[in-house]
$ cat structure.csv   # CSV, C-alpha atoms and all ligand atoms
chain,number,residue,atom,x,y,z
F,182,VAL,CA,1.4,6.7,25.7
F,183,THR,CA,3.6,4.6,28.1
F,184,LEU,CA,4.8,1.6,26.2
F,185,ASP,CA,4.8,-1.7,28.1
F,186,GLY,CA,5.8,-3.9,25.2
F,187,PHE,CA,5.2,-5.1,21.7
F,188,GLU,CA,4.0,-8.4,20.3
F,189,LEU,CA,5.0,-9.3,16.7
F,190,ARG,CA,3.5,-12.1,14.7
F,191,VAL,CA,4.3,-13.5,11.2
F,192,LEU,CA,1.1,-14.5,9.5
F,193,HIS,CA,0.5,-16.7,6.5
F,194,LEU,CA,-2.8,-15.8,4.8
F,195,PRO,CA,-3.8,-17.9,1.8
F,196,LEU,CA,-4.8,-15.9,-1.2
F,197,VAL,CA,-8.1,-16.6,-3.1
F,198,SER,CA,-6.0,-16.8,-6.3
F,199,PRO,CA,-2.3,-16.4,-7.2
F,200,PHE,CA,-1.2,-12.8,-7.6
F,201,THR,CA,1.4,-12.4,-10.3
F,202,THR,CA,3.4,-9.2,-11.0
F,203,SER,CA,6.5,-8.5,-13.1
F,204,PHE,CA,8.6,-9.6,-10.1
F,205,GLY,CA,6.9,-12.9,-9.2
F,206,THR,CA,3.8,-14.9,-8.1
F,207,GLU,CA,2.4,-15.1,-4.5
F,208,THR,CA,-0.1,-17.7,-3.4
F,209,VAL,CA,0.2,-17.0,0.3
F,210,ARG,CA,0.5,-13.5,1.8
F,211,GLU,CA,3.3,-13.5,4.4
F,212,VAL,CA,3.0,-10.4,6.6
F,213,ILE,CA,3.9,-9.2,10.1
F,214,VAL,CA,1.3,-7.8,12.5
F,215,ALA,CA,2.5,-5.7,15.4
F,216,ARG,CA,0.6,-5.1,18.6
F,217,ALA,CA,1.6,-2.3,20.9
F,218,LEU,CA,0.8,-2.7,24.6
F,219,ALA,CA,0.4,0.7,26.2
F,220,ASP,CA,-1.2,2.0,29.4
F,221,GLY,CA,-3.4,-1.1,29.6
F,222,ALA,CA,-4.6,-0.4,26.0
F,223,GLU,CA,-3.4,-2.0,22.8
F,224,GLY,CA,-2.9,-0.9,19.3
F,225,TRP,CA,-2.4,-2.7,16.0
F,226,GLY,CA,-0.1,-2.1,13.0
F,227,GLU,CA,1.0,-4.1,10.0
F,228,ILE,CA,4.5,-4.4,8.5
F,229,VAL,CA,3.8,-4.9,4.9
F,230,THR,CA,7.0,-6.6,3.8
F,231,GLN,CA,6.7,-9.7,1.6
F,232,GLN,CA,8.5,-13.0,2.0
F,233,ALA,CA,11.3,-12.0,-0.5
F,234,PRO,CA,12.9,-8.7,-1.3
F,235,LEU,CA,11.5,-8.4,-4.9
F,236,TYR,CA,9.2,-5.3,-4.7
F,237,SER,CA,11.6,-3.5,-2.3
F,238,SER,CA,14.8,-4.4,-0.5
F,239,GLU,CA,12.7,-5.2,2.6
F,240,TYR,CA,11.5,-8.7,3.4
F,241,THR,CA,9.8,-10.4,6.3
F,242,GLN,CA,12.7,-11.9,8.2
F,243,GLY,CA,14.8,-8.8,7.7
F,244,ALA,CA,12.0,-6.6,9.1
F,245,TRP,CA,11.5,-9.1,12.0
F,246,ASP,CA,15.2,-8.9,12.8
F,247,VAL,CA,15.6,-5.1,12.6
F,248,ALA,CA,12.3,-4.6,14.5
F,249,THR,CA,13.1,-7.0,17.4
F,250,ARG,CA,16.9,-6.2,17.6
F,251,PHE,CA,16.8,-2.4,17.1
F,252,PHE,CA,13.5,-0.6,16.7
F,253,ILE,CA,11.5,-2.1,19.5
F,254,PRO,CA,14.3,-1.7,22.1
F,255,ALA,CA,14.7,2.0,21.0
F,256,LEU,CA,11.0,2.7,21.4
F,257,LEU,CA,10.7,0.9,24.7
F,258,ALA,CA,13.7,2.9,26.0
F,259,GLU,CA,11.5,6.0,25.9
F,260,ARG,CA,9.5,6.2,29.1
F,261,SER,CA,6.6,7.8,27.4
F,262,LEU,CA,6.2,8.3,23.7
F,263,ALA,CA,3.7,10.2,21.5
F,264,PRO,CA,3.0,8.5,18.1
F,265,GLU,CA,4.3,11.7,16.4
F,266,ARG,CA,7.8,11.0,18.0
F,267,VAL,CA,8.1,7.4,16.8
F,268,ALA,CA,9.7,8.4,13.4
F,269,ALA,CA,12.2,10.6,15.2
F,270,VAL,CA,13.3,7.9,17.6
F,271,LEU,CA,13.8,5.5,14.7
F,272,GLU,CA,15.4,8.1,12.4
F,273,PRO,CA,19.0,7.2,13.2
F,274,PHE,CA,18.4,3.7,11.7
F,275,VAL,CA,18.8,3.8,7.9
F,276,GLY,CA,16.0,2.5,5.7
F,277,HIS,CA,13.6,-0.4,6.8
F,278,ARG,CA,10.7,1.9,6.3
F,279,MET,CA,8.0,-0.8,6.2
F,280,ALA,CA,9.2,-2.0,9.6
F,281,LYS,CA,9.1,1.5,11.0
F,282,ALA,CA,5.7,2.2,9.5
F,283,GLY,CA,4.1,-0.9,11.1
F,284,LEU,CA,5.4,0.0,14.6
F,285,GLU,CA,4.4,3.6,14.3
F,286,LEU,CA,0.9,2.5,13.3
F,287,ALA,CA,0.6,0.2,16.3
F,288,VAL,CA,1.6,3.1,18.6
F,289,LEU,CA,-0.8,5.5,16.8
F,290,ASP,CA,-3.7,3.1,17.1
F,291,ALA,CA,-3.0,2.6,20.8
F,292,ALA,CA,-2.9,6.3,21.5
F,293,LEU,CA,-6.0,7.1,19.4
F,294,ARG,CA,-8.0,4.2,21.0
F,295,THR,CA,-7.1,5.7,24.5
F,296,GLU,CA,-8.3,9.1,23.3
F,297,GLY,CA,-11.4,7.6,21.7
F,298,ARG,CA,-10.6,9.3,18.5
F,299,SER,CA,-10.6,7.7,15.0
F,300,PHE,CA,-7.6,7.6,12.8
F,301,ALA,CA,-9.7,9.0,10.0
F,302,SER,CA,-10.5,12.2,12.0
F,303,TYR,CA,-6.9,12.4,13.2
F,304,ALA,CA,-5.5,12.2,9.6
F,305,GLY,CA,-8.0,14.7,8.2
F,306,ALA,CA,-10.4,12.5,6.3
F,307,VAL,CA,-13.1,14.5,4.4
F,308,VAL,CA,-15.3,11.7,3.1
F,309,ASP,CA,-16.9,8.7,4.8
F,310,ARG,CA,-16.3,6.2,1.9
F,311,VAL,CA,-13.7,6.0,-0.8
F,312,PRO,CA,-13.9,4.8,-4.4
F,313,SER,CA,-12.4,1.3,-4.8
F,314,GLY,CA,-10.0,0.3,-7.5
F,315,VAL,CA,-8.6,-3.2,-8.0
F,316,SER,CA,-5.1,-4.4,-8.9
F,317,VAL,CA,-5.3,-7.3,-11.3
F,318,GLY,CA,-2.3,-9.7,-11.6
F,319,ILE,CA,-0.9,-11.0,-14.8
F,320,GLN,CA,-3.0,-14.0,-16.0
F,321,ARG,CA,-2.2,-17.0,-18.2
F,322,ASN,CA,-3.1,-15.0,-21.3
F,323,PRO,CA,-5.1,-11.9,-22.4
F,324,ALA,CA,-8.4,-13.9,-22.6
F,325,ALA,CA,-8.0,-15.0,-19.0
F,326,LEU,CA,-7.2,-11.4,-18.1
F,327,VAL,CA,-10.4,-10.2,-19.7
F,328,ASP,CA,-12.3,-12.8,-17.7
F,329,ALA,CA,-10.7,-11.7,-14.4
F,330,VAL,CA,-11.4,-8.0,-15.2
F,331,ARG,CA,-15.0,-8.8,-16.1
F,332,GLY,CA,-15.5,-10.4,-12.7
F,333,TYR,CA,-14.2,-7.3,-10.9
F,334,LEU,CA,-16.3,-4.9,-13.0
F,335,ASP,CA,-19.4,-7.0,-12.2
F,336,GLU,CA,-18.6,-6.6,-8.5
F,337,GLY,CA,-18.6,-2.9,-9.0
F,338,TYR,CA,-14.9,-1.9,-8.8
F,339,VAL,CA,-14.7,1.6,-10.3
F,340,ARG,CA,-11.1,1.5,-11.7
F,341,ILE,CA,-9.0,-1.4,-13.1
F,342,LYS,CA,-5.2,-1.6,-12.8
F,343,ILE,CA,-3.5,-4.4,-14.7
F,344,LYS,CA,0.0,-5.6,-14.1
F,345,ILE,CA,2.3,-5.6,-17.1
F,346,LYS,CA,5.8,-6.8,-17.9
F,347,PRO,CA,7.9,-7.0,-21.1
F,348,GLY,CA,6.0,-9.3,-23.5
F,349,ARG,CA,2.8,-9.0,-21.5
F,350,ASP,CA,1.9,-5.4,-22.1
F,351,ILE,CA,0.4,-4.2,-25.4
F,352,ASP,CA,-1.8,-7.3,-26.1
F,353,ASP,CA,-3.0,-7.5,-22.5
F,354,THR,CA,-3.9,-3.8,-22.4
F,355,ALA,CA,-5.5,-3.9,-25.9
F,356,ALA,CA,-7.6,-6.9,-24.9
F,357,VAL,CA,-9.0,-5.1,-21.8
F,358,ARG,CA,-9.6,-1.9,-23.7
F,359,GLU,CA,-11.4,-3.7,-26.5
F,360,ALA,CA,-13.5,-5.8,-24.2
F,361,PHE,CA,-14.8,-3.0,-21.9
F,362,GLY,CA,-14.5,0.3,-23.8
F,363,SER,CA,-13.7,3.5,-21.9
F,364,ILE,CA,-13.5,2.1,-18.4
F,365,PRO,CA,-11.0,3.9,-16.0
F,366,LEU,CA,-7.9,1.8,-16.7
F,367,GLN,CA,-4.2,2.0,-15.7
F,368,VAL,CA,-1.1,-0.3,-15.8
F,369,ASP,CA,1.6,-1.1,-13.3
F,370,ALA,CA,5.1,-2.3,-14.5
F,371,ASN,CA,6.7,-2.7,-11.1
F,372,SER,CA,10.1,-1.5,-12.5
F,373,ALA,CA,10.2,-4.1,-15.3
F,374,TYR,CA,11.5,-1.8,-18.1
F,375,THR,CA,14.4,0.4,-19.1
F,376,LEU,CA,14.7,3.5,-21.3
F,377,ALA,CA,15.5,1.1,-24.1
F,378,ASP,CA,11.8,0.0,-24.0
F,379,ALA,CA,10.6,3.6,-24.6
F,380,ASP,CA,9.0,2.7,-27.9
F,381,THR,CA,6.9,-0.2,-26.4
F,382,LEU,CA,5.8,2.1,-23.5
F,383,ALA,CA,4.9,4.8,-26.0
F,384,ALA,CA,2.7,2.3,-27.9
F,385,LEU,CA,0.5,2.2,-24.7
F,386,ASP,CA,-0.4,5.9,-25.4
F,387,ARG,CA,-3.2,4.8,-27.8
F,388,PHE,CA,-5.1,3.1,-25.0
F,389,ASP,CA,-5.9,6.4,-23.2
F,390,LEU,CA,-4.7,5.1,-19.8
F,391,LEU,CA,-5.1,7.1,-16.6
F,392,LEU,CA,-1.4,6.5,-15.9
F,393,ILE,CA,1.5,4.1,-16.2
F,394,GLU,CA,2.9,3.1,-12.8
F,395,GLN,CA,6.6,2.7,-12.1
F,396,PRO,CA,7.9,1.6,-15.5
F,397,LEU,CA,11.6,2.0,-14.5
F,398,GLN,CA,13.8,1.1,-11.6
F,399,GLU,CA,13.4,2.6,-8.1
F,400,ASP,CA,16.4,4.9,-8.3
F,401,ASP,CA,15.8,6.0,-11.9
F,402,LEU,CA,14.3,9.4,-11.2
F,403,VAL,CA,16.2,11.1,-14.1
F,404,ASP,CA,15.3,8.3,-16.6
F,405,HIS,CA,11.6,8.5,-15.5
F,406,ALA,CA,11.7,12.2,-16.3
F,407,THR,CA,13.3,11.5,-19.8
F,408,LEU,CA,10.6,8.8,-20.4
F,409,ALA,CA,7.8,11.0,-19.2
F,410,ALA,CA,8.8,13.8,-21.7
F,411,GLY,CA,8.2,11.4,-24.5
F,412,LEU,CA,4.9,9.8,-23.4
F,413,ALA,CA,1.3,11.1,-23.6
F,414,THR,CA,0.3,8.7,-20.7
F,415,PRO,CA,1.0,10.3,-17.3
F,416,VAL,CA,3.8,8.6,-15.4
F,417,CYS,CA,3.0,7.7,-11.8
F,418,LEU,CA,5.7,6.6,-9.3
F,419,ASP,CA,5.3,3.9,-6.7
F,420,GLU,CA,8.6,2.2,-5.7
F,421,SER,CA,10.6,5.4,-6.3
F,422,ILE,CA,8.7,7.5,-3.7
F,423,THR,CA,10.3,6.3,-0.5
F,424,SER,CA,10.0,9.6,1.4
F,425,ARG,CA,8.7,13.1,1.3
F,426,LYS,CA,12.1,14.2,0.0
F,427,ALA,CA,12.0,11.6,-2.8
F,428,ALA,CA,8.5,12.9,-3.7
F,429,SER,CA,9.6,16.5,-3.8
F,430,ASP,CA,12.7,15.5,-5.9
F,431,ALA,CA,10.5,13.6,-8.3
F,432,LEU,CA,8.2,16.5,-8.8
F,433,ALA,CA,11.1,18.9,-9.2
F,434,LEU,CA,12.6,16.7,-11.9
F,435,GLY,CA,9.4,16.0,-13.7
F,436,SER,CA,9.7,12.3,-13.1
F,437,ALA,CA,6.1,11.9,-12.0
F,438,ALA,CA,2.8,13.6,-12.8
F,439,ILE,CA,0.9,11.5,-10.3
F,440,VAL,CA,2.0,9.8,-7.1
F,441,ASN,CA,1.0,6.5,-5.5
F,442,ILE,CA,1.2,6.8,-1.7
F,443,LYS,CA,1.8,3.7,0.4
F,444,ALA,CA,2.4,4.3,4.0
F,445,GLY,CA,4.7,1.2,4.4
F,446,ARG,CA,7.0,2.2,1.5
F,447,VAL,CA,7.5,5.8,3.0
F,448,GLY,CA,8.0,4.8,6.6
F,449,GLY,CA,4.6,5.5,8.1
F,450,TYR,CA,1.2,7.0,7.8
F,451,LEU,CA,2.4,10.4,9.1
F,452,GLU,CA,5.0,10.6,6.3
F,453,ALA,CA,2.3,9.5,3.9
F,454,ILE,CA,0.1,12.4,5.1
F,455,ALA,CA,3.1,14.8,4.6
F,456,ILE,CA,3.5,13.5,1.0
F,457,HIS,CA,-0.2,14.0,0.4
F,458,ASP,CA,0.1,17.6,1.7
F,459,LEU,CA,3.2,18.3,-0.5
F,460,CYS,CA,1.5,16.9,-3.6
F,461,ARG,CA,-1.7,18.8,-2.9
F,462,ASP,CA,0.2,22.1,-2.6
F,463,ALA,CA,1.9,21.2,-5.9
F,464,GLY,CA,-1.4,20.4,-7.6
F,465,VAL,CA,-0.3,16.8,-8.2
F,466,PRO,CA,-3.0,14.1,-7.9
F,467,VAL,CA,-2.3,11.2,-5.5
F,468,TRP,CA,-3.9,7.8,-4.9
F,469,CYS,CA,-3.6,5.2,-2.2
F,470,GLY,CA,-1.6,2.1,-3.1
F,471,GLY,CA,-1.9,-1.3,-1.5
F,472,MET,CA,0.3,-4.1,-0.3
F,473,LEU,CA,-2.4,-6.9,0.0
F,474,GLU,CA,-3.1,-5.6,3.5
F,475,THR,CA,-5.0,-7.5,6.2
F,476,GLY,CA,-8.0,-5.7,7.8
F,477,ILE,CA,-5.6,-3.7,9.9
F,478,GLY,CA,-3.7,-1.9,7.2
F,479,ARG,CA,-6.8,-1.9,4.9
F,480,ALA,CA,-8.7,0.1,7.5
F,481,ALA,CA,-5.8,2.6,7.8
F,482,ASN,CA,-5.6,2.8,4.0
F,483,ALA,CA,-9.3,3.6,3.7
F,484,ALA,CA,-8.8,6.5,6.2
F,485,LEU,CA,-5.7,7.8,4.4
F,486,ALA,CA,-7.5,7.6,1.0
F,487,ALA,CA,-10.3,9.9,2.5
F,488,LEU,CA,-7.9,12.9,2.5
F,489,PRO,CA,-8.8,15.6,0.0
F,490,GLY,CA,-5.8,15.2,-2.3
F,491,PHE,CA,-6.6,11.6,-3.1
F,492,THR,CA,-8.4,12.5,-6.2
F,493,LEU,CA,-7.9,9.1,-8.1
F,494,PRO,CA,-9.4,5.8,-6.9
F,495,GLY,CA,-6.9,3.7,-5.0
F,496,ASP,CA,-6.0,0.1,-4.6
F,497,VAL,CA,-8.3,0.0,-1.6
F,498,SER,CA,-10.3,-3.1,-2.4
F,499,ALA,CA,-12.7,-5.2,-0.4
F,500,ALA,CA,-10.9,-7.9,1.7
F,501,ASP,CA,-12.4,-10.7,-0.3
F,502,ARG,CA,-10.4,-9.6,-3.4
F,503,PHE,CA,-7.5,-11.3,-1.7
F,504,TYR,CA,-8.8,-13.3,1.3
F,505,THR,CA,-11.6,-15.7,2.4
F,506,ARG,CA,-10.9,-14.9,6.0
F,507,ASP,CA,-9.5,-11.8,7.5
F,508,VAL,CA,-8.0,-11.0,10.9
F,509,VAL,CA,-10.6,-8.4,11.8
F,510,THR,CA,-14.2,-9.1,12.8
F,511,GLU,CA,-15.7,-6.9,10.1
F,512,PRO,CA,-13.6,-7.1,6.9
F,513,ALA,CA,-13.9,-4.3,4.3
F,514,VAL,CA,-16.7,-4.8,1.8
F,515,LEU,CA,-17.5,-3.3,-1.5
F,516,ASP,CA,-20.7,-1.2,-1.5
F,517,ASP,CA,-21.6,0.6,-4.7
F,518,GLY,CA,-18.0,0.6,-5.8
F,519,HIS,CA,-16.8,2.1,-2.5
F,520,VAL,CA,-15.2,1.0,0.7
F,521,ARG,CA,-16.3,2.6,4.0
F,522,VAL,CA,-13.9,4.7,6.1
F,523,PRO,CA,-14.0,3.3,9.7
F,524,THR,CA,-15.2,5.7,12.3
F,525,GLY,CA,-14.5,3.8,15.6
F,526,PRO,CA,-11.6,4.7,17.9
F,527,GLY,CA,-8.2,4.2,16.4
F,528,LEU,CA,-8.3,2.2,13.2
F,529,GLY,CA,-11.9,1.3,14.0
F,530,VAL,CA,-11.5,-2.4,13.5
F,531,ASP,CA,-11.7,-5.2,16.1
F,532,ILE,CA,-9.3,-8.1,15.9
F,533,ASP,CA,-10.6,-11.6,15.4
F,534,ALA,CA,-8.3,-13.4,17.9
F,535,ASP,CA,-9.2,-16.9,16.6
F,536,ALA,CA,-8.4,-15.9,13.0
F,537,LEU,CA,-5.2,-14.2,14.1
F,538,ASP,CA,-4.0,-17.3,16.0
F,539,ALA,CA,-5.0,-19.5,13.1
F,540,PHE,CA,-2.7,-17.6,10.6
F,541,THR,CA,0.2,-17.1,13.0
F,542,VAL,CA,3.4,-19.0,12.2
F,543,GLU,CA,5.9,-17.1,14.4
F,544,LYS,CA,5.4,-14.9,17.5
F,545,ALA,CA,7.5,-12.9,19.8
F,546,VAL,CA,6.7,-10.7,22.8
F,547,ILE,CA,9.2,-8.0,23.9
F,548,ARG,CA,8.5,-6.2,27.2
F,549,ALA,CA,9.9,-3.0,28.5
D,601,LIG,O1,3.0,-2.3,-7.1
D,601,LIG,O2,1.2,-1.7,-6.3
D,601,LIG,C1,2.1,-2.5,-6.4
D,601,LIG,C2,1.1,-5.5,-4.3
D,601,LIG,C3,2.3,-5.9,-3.8
D,601,LIG,C4,3.4,-5.2,-4.1
D,601,LIG,C5,3.3,-4.1,-5.0
D,601,LIG,C6,2.1,-3.7,-5.5
D,601,LIG,C7,1.0,-4.5,-5.2
D,601,LIG,C8,-0.4,-4.3,-5.7
D,601,LIG,C9,-1.5,-4.7,-5.0
D,601,LIG,O3,-0.5,-3.8,-6.8
D,601,LIG,C10,-2.4,-3.7,-4.5
D,601,LIG,C11,-3.4,-4.1,-3.5
D,601,LIG,O4,-3.0,-4.3,-2.3
D,601,LIG,O5,-4.6,-4.2,-3.8
D,602,MG,MG,2.8,-0.4,-7.9
$ encode --input "structure.csv" --output "structure tokens" --more "lines below"
Ligand code: OSB
Ligand code: MG
Amino acid sequence: VTLDGFELRVLHLPLVSPFTTSFGTETVREVIVARALADGAEGWGEIVTQQAPLYSSEYTQGAWDVATRFFIPALLAERSLAPERVAAVLEPFVGHRMAKAGLELAVLDAALRTEGRSFASYAGAVVDRVPSGVSVGIQRNPAALVDAVRGYLDEGYVRIKIKIKPGRDIDDTAAVREAFGSIPLQVDANSAYTLADADTLAALDRFDLLLIEQPLQEDDLVDHATLAAGLATPVCLDESITSRKAASDALALGSAAIVNIKAGRVGGYLEAIAIHDLCRDAGVPVWCGGMLETGIGRAANAALAALPGFTLPGDVSAADRFYTRDVVTEPAVLDDGHVRVPTGPGLGVDIDADALDAFTVEKAVIRA
């Protein structure tokens, strides 16, 4: 496509309830939406950074700065640019993978809309709906957690993930297991532990969890391998898997038996597909993670999760798990525990311009 420019917006979307993890509580989702202007068409992407660098080193204003100062000028300097070349053009810049991913998605959406082809078909989706799991934040106490989980099970979610942290792990997990029996259940520590906590983490083995997600720090691949060797529960990595190379290293070291794939964290949907392919060849199950996406990233995630190696339910929930109003005209809904894979051109979603404007707190247009 020939790029004419980009529009970036910072959005503030109120959450239906606070979302608490081991690294903090959010009540408003701050996120960047990118619009690529190309050949008279447009394409949409989402930069999934959060307001503060707590989950990863990236954060909204940092992504805004690197995108407007470096990435967008580099992309616009190319006269004509295939979406498959975006990563190569941005490759000299170190890191900032979420910023790269959001811009790549906008270019990809513009190109696919021009061709009239869906992202799902382009990516290699093999199903038209994906099973929907839900990520449940830390609540006031285990009883409140059981209430929250009950609500999601009643809605039809097929897999529950609960957030844990030191002091809010064994009792919370036990309460959910005891209340609901043998439901598909997993836990996510968001890097809150060290190897010194190995005994506590081993105590989770008795709950027959699908997996434990990211118990240790992002760069602790060797410690994750050591921990995994002593646990019955499979270790799944999220934060640590920043690229195809990191995924292949983690598999070689035995640091992960399962991989969470998030396109933002790995620098784009094309890199995410490559990690899917790598894990599939290695016989390692993957599932699609989430970053409280708007309808833009949520549509892309549903398509990604439809690839054949995504054999575990992902954090691909209905939009109303987080938001009362979305920026797309037809927000994702839960139907029989599944979310539909969009089939229209590009991401297959239409932007609700009024909603987008209502949530916008900062906007910039950069032209070629
Ligand atoms: O660790 O998976 C995570 C949200 C923000 C940052 C990190 C994570 C999460 C979630 C939410 O768990 C998943 C979702 O978007 O549904
Ligand atoms: Mg996680």
$ closest_atom_pairs --input "structure.csv" --of "chain F" --to "ligand MG 602 (chain D)" --cutoff "12 Å" --atoms "only C-alpha atoms and all ligand atoms" --output "JSON lines"
{"residue": "F:Thr202", "atom": "CA", "partner": "D:MG602", "partner_atom": "MG", "distance": 9.3}
{"residue": "F:Ser203", "atom": "CA", "partner": "D:MG602", "partner_atom": "MG", "distance": 10.3}
{"residue": "F:Phe204", "atom": "CA", "partner": "D:MG602", "partner_atom": "MG", "distance": 11.1}
{"residue": "F:Tyr236", "atom": "CA", "partner": "D:MG602", "partner_atom": "MG", "distance": 8.7}
{"residue": "F:Ser237", "atom": "CA", "partner": "D:MG602", "partner_atom": "MG", "distance": 10.9}
{"residue": "F:Val315", "atom": "CA", "partner": "D:MG602", "partner_atom": "MG", "distance": 11.7}
{"residue": "F:Ser316", "atom": "CA", "partner": "D:MG602", "partner_atom": "MG", "distance": 8.9}
{"residue": "F:Val317", "atom": "CA", "partner": "D:MG602", "partner_atom": "MG", "distance": 11.2}
{"residue": "F:Gly318", "atom": "CA", "partner": "D:MG602", "partner_atom": "MG", "distance": 11.2}
{"residue": "F:Lys342", "atom": "CA", "partner": "D:MG602", "partner_atom": "MG", "distance": 9.5}
{"residue": "F:Ile343", "atom": "CA", "partner": "D:MG602", "partner_atom": "MG", "distance": 10.1}
{"residue": "F:Lys344", "atom": "CA", "partner": "D:MG602", "partner_atom": "MG", "distance": 8.6}
{"residue": "F:Ile345", "atom": "CA", "partner": "D:MG602", "partner_atom": "MG", "distance": 10.6}
{"residue": "F:Gln367", "atom": "CA", "partner": "D:MG602", "partner_atom": "MG", "distance": 10.8}
{"residue": "F:Val368", "atom": "CA", "partner": "D:MG602", "partner_atom": "MG", "distance": 8.8}
{"residue": "F:Asp369", "atom": "CA", "partner": "D:MG602", "partner_atom": "MG", "distance": 5.6}
{"residue": "F:Ala370", "atom": "CA", "partner": "D:MG602", "partner_atom": "MG", "distance": 7.2}
{"residue": "F:Asn371", "atom": "CA", "partner": "D:MG602", "partner_atom": "MG", "distance": 5.5}
{"residue": "F:Ser372", "atom": "CA", "partner": "D:MG602", "partner_atom": "MG", "distance": 8.7}
{"residue": "F:Ala373", "atom": "CA", "partner": "D:MG602", "partner_atom": "MG", "distance": 11.1}
{"residue": "F:Leu392", "atom": "CA", "partner": "D:MG602", "partner_atom": "MG", "distance": 11.4}
{"residue": "F:Ile393", "atom": "CA", "partner": "D:MG602", "partner_atom": "MG", "distance": 9.5}
{"residue": "F:Glu394", "atom": "CA", "partner": "D:MG602", "partner_atom": "MG", "distance": 6.0}
{"residue": "F:Gln395", "atom": "CA", "partner": "D:MG602", "partner_atom": "MG", "distance": 6.5}
{"residue": "F:Pro396", "atom": "CA", "partner": "D:MG602", "partner_atom": "MG", "distance": 9.4}
{"residue": "F:Leu397", "atom": "CA", "partner": "D:MG602", "partner_atom": "MG", "distance": 11.3}
{"residue": "F:Gln398", "atom": "CA", "partner": "D:MG602", "partner_atom": "MG", "distance": 11.7}
{"residue": "F:Glu399", "atom": "CA", "partner": "D:MG602", "partner_atom": "MG", "distance": 11.0}
{"residue": "F:Val416", "atom": "CA", "partner": "D:MG602", "partner_atom": "MG", "distance": 11.8}
{"residue": "F:Cys417", "atom": "CA", "partner": "D:MG602", "partner_atom": "MG", "distance": 9.0}
{"residue": "F:Leu418", "atom": "CA", "partner": "D:MG602", "partner_atom": "MG", "distance": 7.7}
{"residue": "F:Asp419", "atom": "CA", "partner": "D:MG602", "partner_atom": "MG", "distance": 5.1}
{"residue": "F:Glu420", "atom": "CA", "partner": "D:MG602", "partner_atom": "MG", "distance": 6.7}
{"residue": "F:Ser421", "atom": "CA", "partner": "D:MG602", "partner_atom": "MG", "distance": 9.9}
{"residue": "F:Ile422", "atom": "CA", "partner": "D:MG602", "partner_atom": "MG", "distance": 10.7}
{"residue": "F:Val440", "atom": "CA", "partner": "D:MG602", "partner_atom": "MG", "distance": 10.3}
{"residue": "F:Asn441", "atom": "CA", "partner": "D:MG602", "partner_atom": "MG", "distance": 7.5}
{"residue": "F:Ile442", "atom": "CA", "partner": "D:MG602", "partner_atom": "MG", "distance": 9.6}
{"residue": "F:Lys443", "atom": "CA", "partner": "D:MG602", "partner_atom": "MG", "distance": 9.3}
{"residue": "F:Arg446", "atom": "CA", "partner": "D:MG602", "partner_atom": "MG", "distance": 10.6}
{"residue": "F:Trp468", "atom": "CA", "partner": "D:MG602", "partner_atom": "MG", "distance": 11.0}
{"residue": "F:Cys469", "atom": "CA", "partner": "D:MG602", "partner_atom": "MG", "distance": 10.2}
{"residue": "F:Gly470", "atom": "CA", "partner": "D:MG602", "partner_atom": "MG", "distance": 7.0}
{"residue": "F:Gly471", "atom": "CA", "partner": "D:MG602", "partner_atom": "MG", "distance": 8.0}
{"residue": "F:Met472", "atom": "CA", "partner": "D:MG602", "partner_atom": "MG", "distance": 8.8}
{"residue": "F:Leu473", "atom": "CA", "partner": "D:MG602", "partner_atom": "MG", "distance": 11.5}
{"residue": "F:Gly495", "atom": "CA", "partner": "D:MG602", "partner_atom": "MG", "distance": 10.9}
{"residue": "F:Asp496", "atom": "CA", "partner": "D:MG602", "partner_atom": "MG", "distance": 9.4}
$ residues_around --input "structure.csv" --residues "Gly478 of chain F" --least-positions-apart "5" --cutoff "12 Å" --atoms "only C-alpha atoms" --output "MDAnalysis selection string"
chainID F and resid 212:215 225:229 279 282:284 286:287 290 300 443:445 449:450 469:473 483:486 497:498 500 507:509 512:513 523 527:530
$ residues_around --input "structure.csv" --residues "Tyr338 of chain F" --least-positions-apart "6" --cutoff "6 Å" --atoms "only C-alpha atoms" --output "PyMOL selection string"
chain F and resi 313-314+518
$ residues_around --input "structure.csv" --residues "Glu296 of chain F" --least-positions-apart "4" --cutoff "12 Å" --atoms "all atoms listed in the file" --output "PyMOL selection string"
chain F and resi 182+220+222+289-292+300+302-303+525-527
$ residues_near_point --input "structure.csv" --point "(-13.5, 10.3, 7.2)" --cutoff "9 Å" --atoms "all atoms listed in the file" --output "ChimeraX atom specification"
/F:299-302,304-310,483-485,487-488,521-524
$ residues_around --input "structure.csv" --residues "Arg461 of chain F" --least-positions-apart "5" --cutoff "12 Å" --atoms "all atoms listed in the file" --output "VMD selection string"
chain F and resid 428 to 429 432 439 to 440 454 to 456 466 to 468 488 to 492
$ closest_residue --input "structure.csv" --among "F:Arg387, F:Arg358, F:Arg340, F:Arg216" --to "ligand LIG 601 (chain D)" --atoms "only C-alpha atoms and all ligand atoms"
F:Arg340
$ atom_distance --input "structure.csv" --atom1 "atom CA of Leu326 of chain F" --atom2 "atom C11 of ligand LIG 601 (chain D)"
16.8 Å
$ closest_residue --input "structure.csv" --among "F:Asn482, F:Thr423, F:Thr505, F:Thr510" --to "ligand LIG 601 (chain D)" --atoms "all atoms listed in the file"
F:Asn482
$ axis_aligned_box --input "structure.csv" --around "ligand LIG 601 (chain D)" --padding-each-side "4 Å" --output "AutoDock Vina command-line options"
--center_x -0.6 --center_y -3.8 --center_z -4.7 --size_x 16.0 --size_y 12.2 --size_z 12.8
$ residues_around --input "structure.csv" --residues "Leu376 of chain F" --least-positions-apart "2" --cutoff "7 Å" --atoms "only C-alpha atoms" --output "PDB file with C-alpha atoms, in the coordinates of the input"
ATOM      1  CA  TYR F 374      11.500  -1.800 -18.100  1.00  0.00           C
ATOM      2  CA  ASP F 378      11.800   0.000 -24.000  1.00  0.00           C
ATOM      3  CA  ALA F 379      10.600   3.600 -24.600  1.00  0.00           C
ATOM      4  CA  ASP F 404      15.300   8.300 -16.600  1.00  0.00           C
ATOM      5  CA  LEU F 408      10.600   8.800 -20.400  1.00  0.00           C
TER       6      LEU F 408
END
